[in-house]
Structure formats: structure tokens, C-alpha cells
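Visitor: Handing you a structure now.
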Amino acid sequence: MSASNLILVLNCGSSSVKFSVIDPKSEESFLSGLAEKLGLADAYITFKYDGKKDTITLKTNDHVGALESIIDKLKELGLFDKVAAIGHRVVHGAELFTDSAEITPDMLKKIEECYSLAPLHNPANVQGIQAAQKAFPNLKNVAVFDTSFHQTMPERAYTYAVPMKLYREHKVRRYGFHGTSYRFVTAEAAKMLNRDVNDFALIVAHLGNGASIASILNGKSMDTSMGLTPIEGLVMGTRCGDVDAGLFSLMAQQCNMDVKAIDTMLNKQSGLLGISEVSNDCREVEEAAAAGNKNAQLALDVFAYRLAKYIASYVVPLGRLDALVFTGGIGENSASMRKAVIKQLGFLGLELDDKANEECCRGKAGVITSSTKPLAMVINTNEELMIAQDTAQIIGA
Ligand code: ADP
């Protein structure tokens with residue numbers, strides 16, 4: 001490790017800070033962890049390094065306190081002077097950011113302009129940026145947006161069929177998320193398959209707690225299933241994905257629910273959790289289904305069917321399909337979910353290789369079909385590394 005070549009990657013939520021310290025060249029992670037329950041008296045931080053795990057209570061229970069604690073740990077591990085810059089995950093860049101960028105006072109104002117589109121996420125991201133500027137006054141900060149990769153979507157893909165006034169006055173359109181993961185996975189897939197990214201048509205399914213898919217042609221996003229907010233599209237852990245917009249007035253009129261209650265039910269109590277009535281966690285739903293729970297099986301069936309339908313329709317923006325990539329916790333680990341999806345897509349020419357599919361989990365990536373045109377594969381995403389590499393490139397480290 002040479003001097004000052006590490007990047008501190010921060011992903012700040014309203015009550016949490018996820019962090020890692022990465023060498024963007026060797027791709028090695030030296031320290032990672034999570035500060036949780038910020039704002040509460042029992043806020044704590046967990047550090048992982050050298051195969052060890054420490055958890056300590058925070059002295060100050062806010063973002064600044066979390067960063068002070070990270071600084072102490074960096075000093076203890078002899079890493080403090082080796083950090084060259086800080087990369088921040090920022091959720092929403094609206095139409096203002098098509099790329100990652102160094103954070104200047106002007107840019108911070110623009111991130112604040114996006115508050116109305118991401119009222120829960122962007123203020124927390126800004127809090128994290130300000131805390132980092134205070135804690136590391138000599139280091140540059142870079143923002144990497146979840147939305148920017150999808151700014152290449154054509155108008156026909158991002159326009160909702162609602163009065164254009166909503167777009168003109170309130171920026172209502174489809175934006176898409178998980179862009180950092182899509183960018184990383186696209187480059188990895190091209191590398192693993194020895195393909196030119198500029199002549200490559202792929203669909204990536206990022207299936208974590210949040211789930212979305214994207215059509216990516218020659219390295220550019222053509223369409224993606226999340227929209228104005230992350231609730232649109234696929235079935236997720238607790239989000240409903242696509243529903244009939246008429247549901248909102250029914251819930252208001254027949255269930256006497258206000259906007260906040262409707263929002264909570266569709267974002268936090270739906271998806272795998274809502275249907276299975278067991279859990280939002282795919283593993284637990286799979287276990288319940290294997291034990292004979294019918295609602296759990298239905299939740300998995302709806303998840304797989306919706307995803308298969310989306311994949312088939314997402315060939316449209318590409319005109320052809322070279323590769324289907326599974327990533328995210330479910331995509332990387334659930335062989336049975338991948339099987340259920342691919343089984344429904346035989347007409348595209350996808351044929352599962354059962355043994356290869358079973359083998360791809362817990363960090364093993366690879367092709368999982370016997371078919372090669374198109375093929376399906378598993379790739380482990382690494383959003384933190386992508387943020388670290390963008391940051392190093394932007395500050396010229
Ligand atoms: P996040 O979106 O929070 O980053 P992850 O990408 O870590 O989430 O994905 C979490 C999801 O991955 C959970 O639903 C979890 O159950 C699922 N998952 C992880 N391992 C497995 C597994 N072996 N089998 C099925 N699902 C799994």
C-alpha cells in the first residue's frame with residue numbers, strides 16, 4: 001500500500017452510516033462497518049477489519065459522532081494518513097447530475113434542490129457530506145448518484161402518461177436507481193465474457209431488499225423498472241412494485257387511510273412480506289415455502305413471475321439479448337429464484353445449467369446456462385468499489 005491512496009466510502013442514511021475504506025486499484029477493503037440508531041441514546045458502531053469485528057457505543061449519537069469514531073479507528077489501524085478522499089453515495093441527482101462529481105458549495109446546493117424527489121434520502125446524504133467535511137477538513141469529497149447512470153434513458157422510457165405540467169413544474173418522470181451497481185456489473189460482465197462493452201446488449205436484475213432491472217445497450221441504460229421513486233416495478237422485500245393507480249383512492253375511501261398510511265403500507269408492509277405474511281427476507285420466505293407455507297410460496301411465485309415478465313419486455317429496448325445478469329443478495333444467492341425465473345423464459349433461448357446454477361452462490365460468480373446466445377450469469381455487485389474508483393478518478397488520485 002503506497003501513501004494516501006485509500007478512499008473512504010460513505011453511505012449515509014437518516015439514522016445510519018455504512019462505510020468502507022478501499023484501495024481503488026487493488027480493490028482491497030481495509031475497514032468496513034456500520035453506525036446504527038443515530039439520534040437514539042444507544043447508537044453504536046460496528047467495525048470489521050482483518051477478520052475481526054468490534055462494536056462500540058457512540059460517544060456522540062449523530063453523523064459527526066460516527067465519523068469521529070471512524071477517525072479514531074483509522075488512526076488506531078494506521079490508516080488515517082492514507083485516506084486520499086471521501087466518496088459519498090447520493091440517492092437522487094434528478095436531471096442535474098449525469099455523472100459523479102466533486103462536491104463544491106454550488107453542487108451541494110443542487111443536491112439540496114433534489115430534496116423534494118427524495119425527501120428521506122438526500123437530506124441524510126447531505127448531513128453525511130457536511131459531517132465528513134467537518135471531520136476531514138483537508139480531504140476532497142465526491143458524490144456518486146444512484147440515478148445518474150439512467151440519465152441516458154430516452155424520453156419515451158422516462159415519460160409518464162400524466163399531464164406534462166407535472167414534469168415541467170415538479171420534475172415528475174422516471175429516474176431509476178441502483179445505477180452504481182448497474183455500472184459495475186455491466187463492466188464486470190463484459191470483462192468476464194470478454195465482450196466489447198460498446199457492442200453488448202444485456203439485462204441486469206439487481207435483486208436485493210430493493211429490486212430493479214435495467215436494459216443496458218452498449219454500456220448505456222435504455223430503461224429501468226424503478227421510476228420517480230424506488231417503489232415502481234418489481235416485487236421487493238417490503239415494496240409492492242407496480243400496482244393499479246386506482247388502488248390509492250380505494251385505500252383512502254374504503255380503508256380510511258391518509259397519504260402517510262398508504263405510503264407506509266405500500267413501501268414497508270407489502271412485497272414478499274405483504275404476501276407471505278412471514279418475512280421480507282427472501283431466505284426466510286424460501287424456508288417457510290419449503291416447510292409448506294402456501295402464502296410464502298405464492299409470494300415467491302409472484303416475485304418470479306413479475307420478474308420474468310419484466311425481463312421479456314426489457315428485450316424491447318435492446319432489440320436483442322446477449323446476457324441476462326443476476327446480482328444483489330437474492331440474485332447472487334438464490335439458485336431457486338433464478339431457476340423459477342429462467343424456466344419461464346425458455347422462449348428467449350435461455351436454458352438453465354442446473355449444476356452451474358446451484359454452484360453460483362456465496363460469492364461465486366459465473367454463467368448458469370447451457371445456452372450461450374443468450375446466456376444468463378451471476379455477478380457479485382460491489383457498489384462501494386465503484387464509488388471508490390469514481391472518487392479516485394475525479395480527484396486524480
Ligand atoms: P440490500 O438491498 O439491503 O443491499 P442485499 O443485496 O444484501 O440487500 O439482499 C438482501 C436479500 O438477499 C434478502 O432478501 C436476503 O434474504 C437475500 N438473500 C441473501 N442470501 C440468500 C440466500 N442464500 N438465499 C435466498 N436469498 C438470500
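Residue numbering restarts at 1 for every chain of the C-alpha cells, chains are lettered A, B, ... in their displayed order, and ligands are numbered from 1 as they appear.
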With a cut-off of 10 Å, could you pull out the residues of chain A touching ligand 1 and give me the nearest pair of atoms for each, distance in Å to one decimal, using only C-alpha atoms and all ligand atoms, ordered by chain and ascending number, as a tab-separated table?
Guide:
```
residue	atom	partner	partner_atom_place_in_ligand_line	distance
A:His178	CA	ligand 1	2 (O)	9.4
A:His206	CA	ligand 1	6 (O)	7.9
A:Leu207	CA	ligand 1	6 (O)	6.4
A:Gly208	CA	ligand 1	9 (O)	3.4
A:Asn209	CA	ligand 1	2 (O)	3.8
A:Gly210	CA	ligand 1	2 (O)	4.9
A:Ala211	CA	ligand 1	2 (O)	7.2
A:Met236	CA	ligand 1	14 (O)	8.3
A:Gly237	CA	ligand 1	14 (O)	6.1
A:Thr238	CA	ligand 1	14 (O)	9.7
A:Leu272	CA	ligand 1	14 (O)	8.7
A:Ser279	CA	ligand 1	14 (O)	8.9
A:Asn280	CA	ligand 1	14 (O)	6.4
A:Asp281	CA	ligand 1	14 (O)	3.8
A:Cys282	CA	ligand 1	16 (O)	3.7
A:Arg283	CA	ligand 1	25 (C)	4.0
A:Glu284	CA	ligand 1	16 (O)	6.4
A:Val285	CA	ligand 1	16 (O)	7.9
A:Glu286	CA	ligand 1	25 (C)	6.9
A:Glu287	CA	ligand 1	25 (C)	9.0
A:Thr327	CA	ligand 1	6 (O)	7.8
A:Gly328	CA	ligand 1	6 (O)	4.0
A:Gly329	CA	ligand 1	9 (O)	3.3
A:Ile330	CA	ligand 1	12 (O)	4.0
A:Gly331	CA	ligand 1	12 (O)	7.5
A:Glu332	CA	ligand 1	20 (N)	7.5
A:Asn333	CA	ligand 1	23 (N)	4.5
A:Ser334	CA	ligand 1	24 (N)	4.1
A:Ala335	CA	ligand 1	24 (N)	7.4
A:Ser336	CA	ligand 1	25 (C)	8.1
A:Met337	CA	ligand 1	25 (C)	7.8
A:Cys361	CA	ligand 1	23 (N)	7.0
A:Arg362	CA	ligand 1	23 (N)	7.2
A:Asn380	CA	ligand 1	6 (O)	9.5
A:Thr381	CA	ligand 1	6 (O)	8.6
A:Glu383	CA	ligand 1	4 (O)	9.6
```
Visitor: Excluding same-chain residues fewer than 6 positions from Ile70 (chain A), what lies within 10 Å of it counting only C-alpha atoms, as a list in words?
Guide: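 What passes the distance filter is Leu8, Phe19, Ser20, Leu31, Ser32, Gly33, Leu34, Ala35, Ile45, Thr46, Phe47, Val64, Glu76, Phe80 and Ala135 of chain A.
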Visitor: Sort by chain and increasing residue number a table of all residues of region 76-99 of chain A within 7 Å of region 139-147 of chain A, each with its closest pair of atoms and their distance in Å to one decimal, counting only C-alpha atoms, and write it as a Markdown table.
Guide:
```
| residue | atom | partner | partner_atom | distance |
| --- | --- | --- | --- | --- |
| A:Ala84 | CA | A:Leu139 | CA | 6.7 |
| A:Ala85 | CA | A:Lys140 | CA | 5.2 |
| A:Ile86 | CA | A:Asn141 | CA | 4.8 |
| A:Gly87 | CA | A:Val142 | CA | 4.8 |
| A:His88 | CA | A:Ala143 | CA | 4.8 |
| A:Arg89 | CA | A:Val144 | CA | 5.1 |
| A:Val90 | CA | A:Phe145 | CA | 4.7 |
| A:Val91 | CA | A:Asp146 | CA | 5.0 |
| A:His92 | CA | A:Thr147 | CA | 5.8 |
| A:Gly93 | CA | A:Phe145 | CA | 5.9 |
| A:Ala94 | CA | A:Thr147 | CA | 6.9 |
```
Visitor: Export C-alpha atoms of the chosen residues as a CSV table (one decimal), in the first residue's frame?
Guide:
```csv
chain,number,residue,atom,x,y,z
A,84,ALA,CA,-6.9,10.4,0.0
A,85,ALA,CA,-10.6,11.4,-0.4
A,86,ILE,CA,-14.2,10.6,0.5
A,87,GLY,CA,-16.8,9.2,-1.8
A,88,HIS,CA,-20.4,9.6,-0.9
A,89,ARG,CA,-23.4,7.6,-2.2
A,90,VAL,CA,-26.1,10.1,-3.0
A,91,VAL,CA,-29.5,8.7,-3.9
A,92,HIS,CA,-31.1,11.3,-6.1
A,93,GLY,CA,-29.4,13.6,-8.7
A,94,ALA,CA,-32.6,14.2,-10.7
```
Visitor: Name the residues in contact with Met265 (chain A) at a cut-off of 9 Å, using only C-alpha atoms, excluding same-chain residues fewer than 4 positions from it; report them as a list in words.
Guide: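 The contact residues come out as Thr238, Arg239, Cys240, Lys260, Ala261, Gln269, Ser270 and Gly274 of chain A.
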Visitor: Write the residues of the selection above to a file with all heavy atoms, as a compact mmCIF listing (two decimals), in the first residue's frame.
Guide:
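Result saved to again-v9.txt:
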```txt
# COMPACT_ATOMS: atom_id res chain seq x y z
N THR A 238 -40.24 -5.35 0.89
CA THR A 238 -41.43 -4.75 1.53
C THR A 238 -42.19 -3.81 0.59
O THR A 238 -43.22 -3.28 0.98
CB THR A 238 -41.04 -3.95 2.79
OG1 THR A 238 -40.14 -2.91 2.39
CG2 THR A 238 -40.39 -4.82 3.84
N ARG A 239 -41.66 -3.55 -0.62
CA ARG A 239 -42.37 -2.65 -1.54
C ARG A 239 -43.20 -3.47 -2.53
O ARG A 239 -42.79 -4.54 -2.96
CB ARG A 239 -41.38 -1.79 -2.34
CG ARG A 239 -40.57 -0.85 -1.48
CD ARG A 239 -39.79 0.13 -2.37
NE ARG A 239 -38.79 0.83 -1.59
CZ ARG A 239 -37.47 0.69 -1.78
NH1 ARG A 239 -37.01 -0.09 -2.73
NH2 ARG A 239 -36.62 1.36 -1.03
N CYS A 240 -44.35 -2.87 -2.92
CA CYS A 240 -45.29 -3.60 -3.78
C CYS A 240 -44.86 -3.65 -5.24
O CYS A 240 -45.31 -4.51 -5.98
CB CYS A 240 -46.67 -2.94 -3.69
SG CYS A 240 -46.64 -1.19 -4.14
N LYS A 260 -49.96 9.26 4.31
CA LYS A 260 -48.81 8.67 5.00
C LYS A 260 -49.03 7.18 5.25
O LYS A 260 -48.13 6.35 5.06
CB LYS A 260 -48.61 9.42 6.34
CG LYS A 260 -47.30 9.14 6.98
CD LYS A 260 -46.91 10.26 7.94
CE LYS A 260 -45.64 9.89 8.66
NZ LYS A 260 -45.88 9.16 9.90
N ALA A 261 -50.26 6.83 5.65
CA ALA A 261 -50.55 5.42 5.94
C ALA A 261 -50.48 4.57 4.66
O ALA A 261 -49.97 3.45 4.67
CB ALA A 261 -51.93 5.30 6.58
N GLN A 269 -44.88 -2.53 4.06
CA GLN A 269 -45.61 -3.72 4.53
C GLN A 269 -46.08 -4.59 3.38
O GLN A 269 -46.91 -5.46 3.56
CB GLN A 269 -46.83 -3.26 5.35
CG GLN A 269 -46.44 -2.49 6.60
CD GLN A 269 -47.56 -1.59 7.12
OE1 GLN A 269 -48.67 -1.58 6.58
NE2 GLN A 269 -47.27 -0.84 8.16
N SER A 270 -45.55 -4.33 2.19
CA SER A 270 -46.03 -5.06 1.01
C SER A 270 -44.95 -6.03 0.51
O SER A 270 -44.17 -6.55 1.29
CB SER A 270 -46.44 -4.04 -0.06
OG SER A 270 -47.50 -3.24 0.44
N GLY A 274 -45.69 -8.63 2.54
CA GLY A 274 -47.15 -8.48 2.47
C GLY A 274 -47.85 -9.75 2.04
O GLY A 274 -48.87 -10.14 2.62
```
Visitor: Which of these residues is nearest to Gln133 (chain A), using only C-alpha atoms: A:Glu68, A:Glu28, A:Glu169, A:Glu359?
Guide: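 So, comparing all the options, the nearest one is A:Glu68.
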Visitor: Measuring between only C-alpha atoms, which one of A:Gly176, A:Gly319, A:Gly78, A:Gly13 shows the shortest distance to Ala214 (chain A)?
Guide: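 Of the candidates, the smallest distance to Ala214 (chain A) is held by A:Gly176.
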Visitor: If you measure from CA of Ala43 (chain A) to CA of Gly271 (chain A), what distance in Å do you get, rounded to one decimal?
Guide: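 We find that CA of Ala43 (chain A) and CA of Gly271 (chain A) lie 29.2 Å from each other.
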Visitor: Please identify which residues in region 196-276 of chain A DSSP calls alpha helix (DSSP H) from the backbone, and express them as JSON, numbers by chain.
Guide: {"A": [246, 247, 248, 249, 250, 251, 252, 253, 254, 259, 260, 261, 262, 263, 264, 265, 266, 267, 268, 271, 272, 273, 274, 275, 276]}
Visitor: Taking only C-alpha atoms into account, name the residue in A:Ala187, A:Ala157, A:Leu166, A:Ala252 that is nearest to Met386 (chain A).
Guide: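 Of all the options, A:Ala187 lies closest to Met386 (chain A).
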